[in-house]
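**Student:** My structure is stored as protein02.pdb, with PDB, C-alpha atoms.
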ATOM      1  CA  MET T  21      12.881 132.864  26.470  1.00  0.00           C
ATOM      2  CA  SER T  22      12.834 133.200  22.706  1.00  0.00           C
ATOM      3  CA  ASN T  23      12.082 130.258  20.475  1.00  0.00           C
ATOM      4  CA  PRO T  24      15.001 129.469  18.094  1.00  0.00           C
ATOM      5  CA  ASP T  25      12.472 128.455  15.421  1.00  0.00           C
ATOM      6  CA  VAL T  26      10.928 131.921  15.671  1.00  0.00           C
ATOM      7  CA  GLN T  27      14.353 133.486  15.292  1.00  0.00           C
ATOM      8  CA  ALA T  28      15.014 131.377  12.190  1.00  0.00           C
ATOM      9  CA  LEU T  29      11.704 132.419  10.615  1.00  0.00           C
ATOM     10  CA  VAL T  30      12.440 136.065  11.386  1.00  0.00           C
ATOM     11  CA  ALA T  31      15.871 135.765   9.770  1.00  0.00           C
ATOM     12  CA  GLN T  32      14.315 134.189   6.671  1.00  0.00           C
ATOM     13  CA  ALA T  33      11.646 136.907   6.588  1.00  0.00           C
ATOM     14  CA  LEU T  34      14.268 139.638   6.771  1.00  0.00           C
ATOM     15  CA  GLY T  35      16.098 138.011   3.888  1.00  0.00           C
ATOM     16  CA  ALA T  36      12.914 137.787   1.840  1.00  0.00           C
ATOM     17  CA  SER T  37      12.123 141.430   2.566  1.00  0.00           C
ATOM     18  CA  GLN T  38      15.607 142.522   1.527  1.00  0.00           C
ATOM     19  CA  GLN T  39      15.166 140.543  -1.703  1.00  0.00           C
ATOM     20  CA  GLY T  40      11.916 142.430  -2.363  1.00  0.00           C
ATOM     21  CA  ASP T  41       9.669 139.435  -1.713  1.00  0.00           C
ATOM     22  CA  ALA T  42       7.185 141.073   0.639  1.00  0.00           C
ATOM     23  CA  ALA T  43       4.619 138.292   0.278  1.00  0.00           C
ATOM     24  CA  GLN T  44       7.150 135.686   1.452  1.00  0.00           C
ATOM     25  CA  ALA T  45       8.337 137.935   4.278  1.00  0.00           C
ATOM     26  CA  ILE T  46       4.756 138.461   5.454  1.00  0.00           C
ATOM     27  CA  ALA T  47       4.008 134.727   5.288  1.00  0.00           C
ATOM     28  CA  LEU T  48       7.125 133.874   7.300  1.00  0.00           C
ATOM     29  CA  LEU T  49       6.371 136.530   9.907  1.00  0.00           C
ATOM     30  CA  ARG T  50       2.784 135.315  10.222  1.00  0.00           C
ATOM     31  CA  ALA T  51       4.135 131.805  10.838  1.00  0.00           C
ATOM     32  CA  ALA T  52       6.574 133.166  13.433  1.00  0.00           C
ATOM     33  CA  ILE T  53       3.913 134.954  15.490  1.00  0.00           C
ATOM     34  CA  GLU T  54       1.870 131.740  15.678  1.00  0.00           C
ATOM     35  CA  MET T  55       4.724 129.801  17.273  1.00  0.00           C
ATOM     36  CA  PRO T  56       5.030 129.308  21.041  1.00  0.00           C
ATOM     37  CA  HIS T  57       7.236 131.800  22.866  1.00  0.00           C
ATOM     38  CA  ALA T  58       7.344 134.261  19.998  1.00  0.00           C
ATOM     39  CA  ASP T  59       8.849 137.506  21.183  1.00  0.00           C
ATOM     40  CA  ALA T  60       7.887 140.965  19.935  1.00  0.00           C
ATOM     41  CA  ALA T  61      10.269 141.043  16.961  1.00  0.00           C
ATOM     42  CA  PRO T  62       8.086 139.167  14.454  1.00  0.00           C
ATOM     43  CA  TRP T  63       5.051 141.215  15.496  1.00  0.00           C
ATOM     44  CA  LEU T  64       6.842 144.515  14.939  1.00  0.00           C
ATOM     45  CA  LEU T  65       8.383 143.370  11.686  1.00  0.00           C
ATOM     46  CA  LEU T  66       5.055 142.067  10.380  1.00  0.00           C
ATOM     47  CA  ALA T  67       3.328 145.372  11.130  1.00  0.00           C
ATOM     48  CA  ALA T  68       6.149 147.327   9.489  1.00  0.00           C
ATOM     49  CA  GLU T  69       6.144 145.102   6.392  1.00  0.00           C
ATOM     50  CA  LEU T  70       2.370 145.416   6.056  1.00  0.00           C
ATOM     51  CA  ALA T  71       2.595 149.200   6.367  1.00  0.00           C
ATOM     52  CA  ALA T  72       5.382 149.322   3.803  1.00  0.00           C
ATOM     53  CA  GLN T  73       3.145 147.381   1.406  1.00  0.00           C
ATOM     54  CA  GLY T  74       0.292 149.861   1.911  1.00  0.00           C
ATOM     55  CA  GLN T  75      -1.815 147.459   3.959  1.00  0.00           C
ATOM     56  CA  ILE T  76      -2.423 150.141   6.562  1.00  0.00           C
ATOM     57  CA  THR T  77      -5.546 148.739   8.221  1.00  0.00           C
ATOM     58  CA  GLU T  78      -3.939 145.354   8.695  1.00  0.00           C
ATOM     59  CA  ALA T  79      -0.675 146.937   9.890  1.00  0.00           C
ATOM     60  CA  GLU T  80      -2.606 148.960  12.448  1.00  0.00           C
ATOM     61  CA  GLY T  81      -4.275 145.780  13.705  1.00  0.00           C
ATOM     62  CA  VAL T  82      -0.925 144.019  14.119  1.00  0.00           C
ATOM     63  CA  TYR T  83       0.567 147.029  15.923  1.00  0.00           C
ATOM     64  CA  ALA T  84      -2.486 147.085  18.225  1.00  0.00           C
ATOM     65  CA  ASP T  85      -2.094 143.355  18.932  1.00  0.00           C
ATOM     66  CA  THR T  86       1.589 143.962  19.648  1.00  0.00           C
ATOM     67  CA  VAL T  87       0.746 146.692  22.170  1.00  0.00           C
ATOM     68  CA  LEU T  88      -1.730 144.356  23.880  1.00  0.00           C
ATOM     69  CA  ARG T  89       0.719 141.441  23.994  1.00  0.00           C
ATOM     70  CA  PHE T  90       3.800 143.490  24.873  1.00  0.00           C
ATOM     71  CA  PRO T  91       2.558 146.600  26.718  1.00  0.00           C
ATOM     72  CA  GLU T  92       6.066 147.488  27.879  1.00  0.00           C
ATOM     73  CA  LEU T  93       7.252 147.738  24.253  1.00  0.00           C
ATOM     74  CA  HIS T  94       6.805 151.464  23.813  1.00  0.00           C
ATOM     75  CA  VAL T  95       8.088 151.514  20.246  1.00  0.00           C
ATOM     76  CA  ALA T  96       5.045 149.458  19.185  1.00  0.00           C
ATOM     77  CA  ARG T  97       2.746 152.012  20.825  1.00  0.00           C
ATOM     78  CA  PHE T  98       4.657 154.828  19.160  1.00  0.00           C
ATOM     79  CA  GLN T  99       4.454 153.211  15.719  1.00  0.00           C
ATOM     80  CA  LEU T 100       0.744 152.477  16.161  1.00  0.00           C
ATOM     81  CA  GLY T 101       0.122 156.120  17.034  1.00  0.00           C
ATOM     82  CA  LEU T 102       2.227 157.304  14.118  1.00  0.00           C
ATOM     83  CA  LEU T 103       0.272 155.118  11.713  1.00  0.00           C
ATOM     84  CA  GLN T 104      -2.983 156.491  13.114  1.00  0.00           C
ATOM     85  CA  LEU T 105      -1.702 160.060  12.938  1.00  0.00           C
ATOM     86  CA  THR T 106      -0.579 159.765   9.351  1.00  0.00           C
ATOM     87  CA  SER T 107      -3.936 158.213   8.503  1.00  0.00           C
ATOM     88  CA  GLY T 108      -5.526 161.478   9.642  1.00  0.00           C
ATOM     89  CA  ARG T 109      -6.814 160.246  13.003  1.00  0.00           C
ATOM     90  CA  VAL T 110      -5.054 162.684  15.302  1.00  0.00           C
ATOM     91  CA  ALA T 111      -7.313 162.165  18.332  1.00  0.00           C
ATOM     92  CA  ILE T 112      -6.875 158.384  18.185  1.00  0.00           C
ATOM     93  CA  ALA T 113      -3.097 158.798  17.852  1.00  0.00           C
ATOM     94  CA  ALA T 114      -2.997 161.131  20.850  1.00  0.00           C
ATOM     95  CA  LEU T 115      -4.992 158.586  22.844  1.00  0.00           C
ATOM     96  CA  THR T 116      -2.667 155.763  21.763  1.00  0.00           C
ATOM     97  CA  TRP T 117       0.343 157.878  22.723  1.00  0.00           C
ATOM     98  CA  GLN T 118      -1.095 158.980  26.075  1.00  0.00           C
ATOM     99  CA  PRO T 119       1.081 156.570  28.113  1.00  0.00           C
ATOM    100  CA  LEU T 120       4.154 157.917  26.313  1.00  0.00           C
ATOM    101  CA  LEU T 121       3.127 161.530  26.870  1.00  0.00           C
ATOM    102  CA  VAL T 122       2.910 161.169  30.638  1.00  0.00           C
ATOM    103  CA  GLY T 123       6.299 159.473  30.978  1.00  0.00           C
ATOM    104  CA  GLU T 124       9.660 161.020  31.614  1.00  0.00           C
ATOM    105  CA  ASN T 125      10.280 164.225  29.698  1.00  0.00           C
ATOM    106  CA  ASP T 126      13.643 162.860  28.646  1.00  0.00           C
ATOM    107  CA  GLU T 127      12.315 159.911  26.671  1.00  0.00           C
ATOM    108  CA  PRO T 128      12.905 160.092  22.905  1.00  0.00           C
ATOM    109  CA  LEU T 129       9.532 158.532  22.054  1.00  0.00           C
ATOM    110  CA  ARG T 130       7.742 161.141  24.149  1.00  0.00           C
ATOM    111  CA  CYS T 131       9.636 163.925  22.391  1.00  0.00           C
ATOM    112  CA  TYR T 132       8.859 162.496  18.958  1.00  0.00           C
ATOM    113  CA  ALA T 133       5.173 162.002  19.781  1.00  0.00           C
ATOM    114  CA  GLU T 134       4.971 165.590  21.037  1.00  0.00           C
ATOM    115  CA  ALA T 135       6.739 166.787  17.890  1.00  0.00           C
ATOM    116  CA  TYR T 136       4.341 165.003  15.554  1.00  0.00           C
ATOM    117  CA  LEU T 137       1.348 166.277  17.509  1.00  0.00           C
ATOM    118  CA  ALA T 138       2.762 169.814  17.266  1.00  0.00           C
ATOM    119  CA  LEU T 139       2.884 169.349  13.489  1.00  0.00           C
ATOM    120  CA  THR T 140      -0.837 168.608  13.436  1.00  0.00           C
ATOM    121  CA  ARG T 141      -1.346 172.060  14.940  1.00  0.00           C
ATOM    122  CA  ASP T 142       1.118 173.633  12.460  1.00  0.00           C
ATOM    123  CA  GLN T 143       3.399 174.521  15.388  1.00  0.00           C
ATOM    124  CA  PHE T 144       6.526 173.974  13.359  1.00  0.00           C
ATOM    125  CA  GLN T 145       9.046 175.539  15.735  1.00  0.00           C
ATOM    126  CA  GLU T 146       7.716 173.519  18.667  1.00  0.00           C
ATOM    127  CA  ALA T 147       7.950 170.375  16.534  1.00  0.00           C
ATOM    128  CA  LEU T 148      11.555 171.175  15.628  1.00  0.00           C
ATOM    129  CA  ASP T 149      12.412 171.818  19.284  1.00  0.00           C
ATOM    130  CA  ARG T 150      10.872 168.510  20.407  1.00  0.00           C
ATOM    131  CA  PHE T 151      12.596 166.558  17.611  1.00  0.00           C
ATOM    132  CA  ARG T 152      15.945 168.172  18.488  1.00  0.00           C
ATOM    133  CA  HIS T 153      15.490 167.359  22.159  1.00  0.00           C
ATOM    134  CA  GLY T 154      14.614 163.751  21.340  1.00  0.00           C
ATOM    135  CA  LEU T 155      17.638 163.350  19.102  1.00  0.00           C
ATOM    136  CA  VAL T 156      20.127 164.342  21.804  1.00  0.00           C
ATOM    137  CA  LEU T 157      18.762 161.772  24.252  1.00  0.00           C
ATOM    138  CA  PRO T 158      20.221 158.281  24.523  1.00  0.00           C
ATOM    139  CA  GLN T 159      18.362 155.862  22.265  1.00  0.00           C
ATOM    140  CA  ASN T 160      18.833 152.747  20.213  1.00  0.00           C
ATOM    141  CA  ASN T 161      16.381 153.119  17.348  1.00  0.00           C
ATOM    142  CA  LEU T 162      18.157 154.345  14.237  1.00  0.00           C
ATOM    143  CA  PRO T 163      15.047 154.255  11.974  1.00  0.00           C
ATOM    144  CA  LEU T 164      13.166 156.569  14.355  1.00  0.00           C
ATOM    145  CA  GLN T 165      16.165 158.895  14.543  1.00  0.00           C
ATOM    146  CA  ASN T 166      16.325 158.954  10.741  1.00  0.00           C
ATOM    147  CA  ASP T 167      12.582 159.659  10.523  1.00  0.00           C
ATOM    148  CA  ALA T 168      12.947 162.537  12.988  1.00  0.00           C
ATOM    149  CA  GLN T 169      15.850 164.015  11.020  1.00  0.00           C
ATOM    150  CA  THR T 170      14.023 163.625   7.701  1.00  0.00           C
ATOM    151  CA  THR T 171      10.914 165.274   9.113  1.00  0.00           C
ATOM    152  CA  MET T 172      13.010 168.080  10.592  1.00  0.00           C
ATOM    153  CA  ARG T 173      14.587 168.766   7.192  1.00  0.00           C
ATOM    154  CA  ALA T 174      11.132 168.869   5.614  1.00  0.00           C
ATOM    155  CA  ILE T 175       9.909 171.300   8.283  1.00  0.00           C
ATOM    156  CA  GLU T 176      12.951 173.511   7.815  1.00  0.00           C
ATOM    157  CA  LYS T 177      12.462 173.476   4.037  1.00  0.00           C
ATOM    158  CA  HIS T 178       8.785 174.322   4.471  1.00  0.00           C
ATOM    159  CA  LEU T 179       9.630 177.197   6.815  1.00  0.00           C
ATOM    160  CA  ALA T 180      12.252 178.512   4.394  1.00  0.00           C
ATOM    161  CA  GLU T 181       9.796 178.339   1.490  1.00  0.00           C
ATOM    162  CA  GLN T 182       7.101 179.920   3.608  1.00  0.00           C
ATOM    163  CA  GLY T 183       9.444 182.749   4.566  1.00  0.00           C
ATOM    164  CA  ALA T 184      10.495 183.281   0.960  1.00  0.00           C
ATOM    165  CA  VAL T 185       6.905 183.513  -0.197  1.00  0.00           C
ATOM    166  CA  HIS T 186       5.788 185.433   2.917  1.00  0.00           C
ATOM    167  CA  GLU T 187       2.774 183.185   3.110  1.00  0.00           C
ATOM    168  CA  VAL T 188       1.678 182.413   6.651  1.00  0.00           C
ATOM    169  CA  ALA T 189      -1.361 180.169   6.229  1.00  0.00           C
ATOM    170  CA  GLY T 190      -3.129 178.013   3.718  1.00  0.00           C
ATOM    171  CA  LEU T 191      -1.365 174.636   3.635  1.00  0.00           C
ATOM    172  CA  ASP T 192      -3.508 172.029   1.996  1.00  0.00           C
ATOM    173  CA  ASP T 193      -3.066 168.320   2.753  1.00  0.00           C
ATOM    174  CA  SER T 194      -0.684 167.747  -0.152  1.00  0.00           C
ATOM    175  CA  GLN T 195       1.635 170.436   1.208  1.00  0.00           C
ATOM    176  CA  HIS T 196       1.493 169.488   4.875  1.00  0.00           C
ATOM    177  CA  VAL T 197       4.914 168.233   5.894  1.00  0.00           C
ATOM    178  CA  LEU T 198       3.647 165.248   7.921  1.00  0.00           C
ATOM    179  CA  LEU T 199       1.324 163.936   5.230  1.00  0.00           C
ATOM    180  CA  ARG T 200       3.825 164.587   2.450  1.00  0.00           C
ATOM    181  CA  ASN T 201       6.560 162.736   4.345  1.00  0.00           C
ATOM    182  CA  TYR T 202       4.384 159.731   5.048  1.00  0.00           C
ATOM    183  CA  ALA T 203       3.278 159.497   1.431  1.00  0.00           C
ATOM    184  CA  THR T 204       6.922 159.382   0.304  1.00  0.00           C
ATOM    185  CA  GLY T 205       7.947 156.769   2.830  1.00  0.00           C
ATOM    186  CA  PRO T 206      10.298 157.954   5.608  1.00  0.00           C
ATOM    187  CA  LEU T 207       7.756 157.523   8.398  1.00  0.00           C
ATOM    188  CA  ARG T 208       6.933 153.967   7.510  1.00  0.00           C
ATOM    189  CA  HIS T 209       9.626 152.285   9.621  1.00  0.00           C
TER     190      HIS T 209
END
Show this structure as structure tokens.
**Tutor:**
Amino acid sequence: MSNPDVQALVAQALGASQQGDAAQAIALLRAAIEMPHADAAPWLLLAAELAAQGQITEAEGVYADTVLRFPELHVARFQLGLLQLTSGRVAIAALTWQPLLVGENDEPLRCYAEAYLALTRDQFQEALDRFRHGLVLPQNNLPLQNDAQTTMRAIEKHLAEQGAVHEVAGLDDSQHVLLRNYATGPLRH
């Protein structure tokens, strides 16, 4: 049972965020998560808003709290792992994603987690294959689909550039598709 007051605060926070008032959005979402019967929405939105504002450590903490409070909410686990991965903590991300990685093979979040982990090993074709498989599965998370498509385009561009230059190795962190994408924003959802 969701609290209507929580829903009202979330609606106000979304409005504030759309108006570019991140501080107000964060304050409203913090108030919403403190209310009785708060569902997962304000938790997820708070973590996403914090991440979008570059408050990565705090965003990670809110995602972790969300996973603890709502363990069945796999998107929170996925986002927590993605934040850890893009912060350069691949082993921690893999551990966070472990419950997703042992699930059904036809789960989009599993495919996306496997794709991002493949990127950390510079296995670009495997990453593309896992993203493609995830995108054809039924899902209801447009931001994650958009992130997957954006990352796929970046991989394809990297592979085309790599082929044109005939350079097989030697990506530094600024060139790595995963880190470059996160720095420019598409993985922040």
**Student:** Might you pull out every residue within 10 Å of Ala84 (chain T), with all atoms listed in the file counted and same-chain residues fewer than 5 positions away left off, and present them as a ChimeraX atom specification?
**Tutor:** /T:63,67,78-79,89-91,96-97,99-101,116
**Student:** If the PyMOL selection byres ((chain T and resi 140) around 9) is run on the structure shown, which residues does it catch, given as a short mmCIF file (atom, residue, chain, number, x, y, z; two decimals) with C-alpha atoms, in the coordinates of the input?
**Tutor:**
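Printed below is result-v6.cif as written:
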data_model
loop_
_atom_site.label_atom_id
_atom_site.label_comp_id
_atom_site.auth_asym_id
_atom_site.auth_seq_id
_atom_site.Cartn_x
_atom_site.Cartn_y
_atom_site.Cartn_z
CA LEU T 105 -1.70 160.06 12.94
CA VAL T 110 -5.05 162.68 15.30
CA ALA T 135 6.74 166.79 17.89
CA TYR T 136 4.34 165.00 15.55
CA LEU T 137 1.35 166.28 17.51
CA ALA T 138 2.76 169.81 17.27
CA LEU T 139 2.88 169.35 13.49
CA ARG T 141 -1.35 172.06 14.94
CA ASP T 142 1.12 173.63 12.46
CA GLN T 143 3.40 174.52 15.39
CA HIS T 196 1.49 169.49 4.88
CA LEU T 198 3.65 165.25 7.92
#
**Student:** Provide the CA of Ala58 (chain T) to CA of Leu129 (chain T) distance in Å, to one decimal place.
**Tutor:**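 One can read the CA of Ala58 (chain T) to CA of Leu129 (chain T) distance as 24.5 Å.
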**Student:** Residues picked by the PyMOL selection byres ((chain T and resi 157) around 9) here, as a PyMOL selection string?
**Tutor:** chain T and resi 126-128+153-156+158-159
**Student:** Which residues are near Gln44 (chain T)? Cut-off 12 Å, only C-alpha atoms, ignore same chain within fewer than 2 positions. Put them as a ChimeraX atom specification.
**Tutor:** /T:29-30,32-42,46-51,66,69-70
**Student:** Could you state which residues are captured by the PyMOL selection byres ((chain T and resi 173) around 12) in this file, as a PyMOL selection string?
**Tutor:** chain T and resi 144+147-148+151-152+166-172+174-180+197-198+201+206
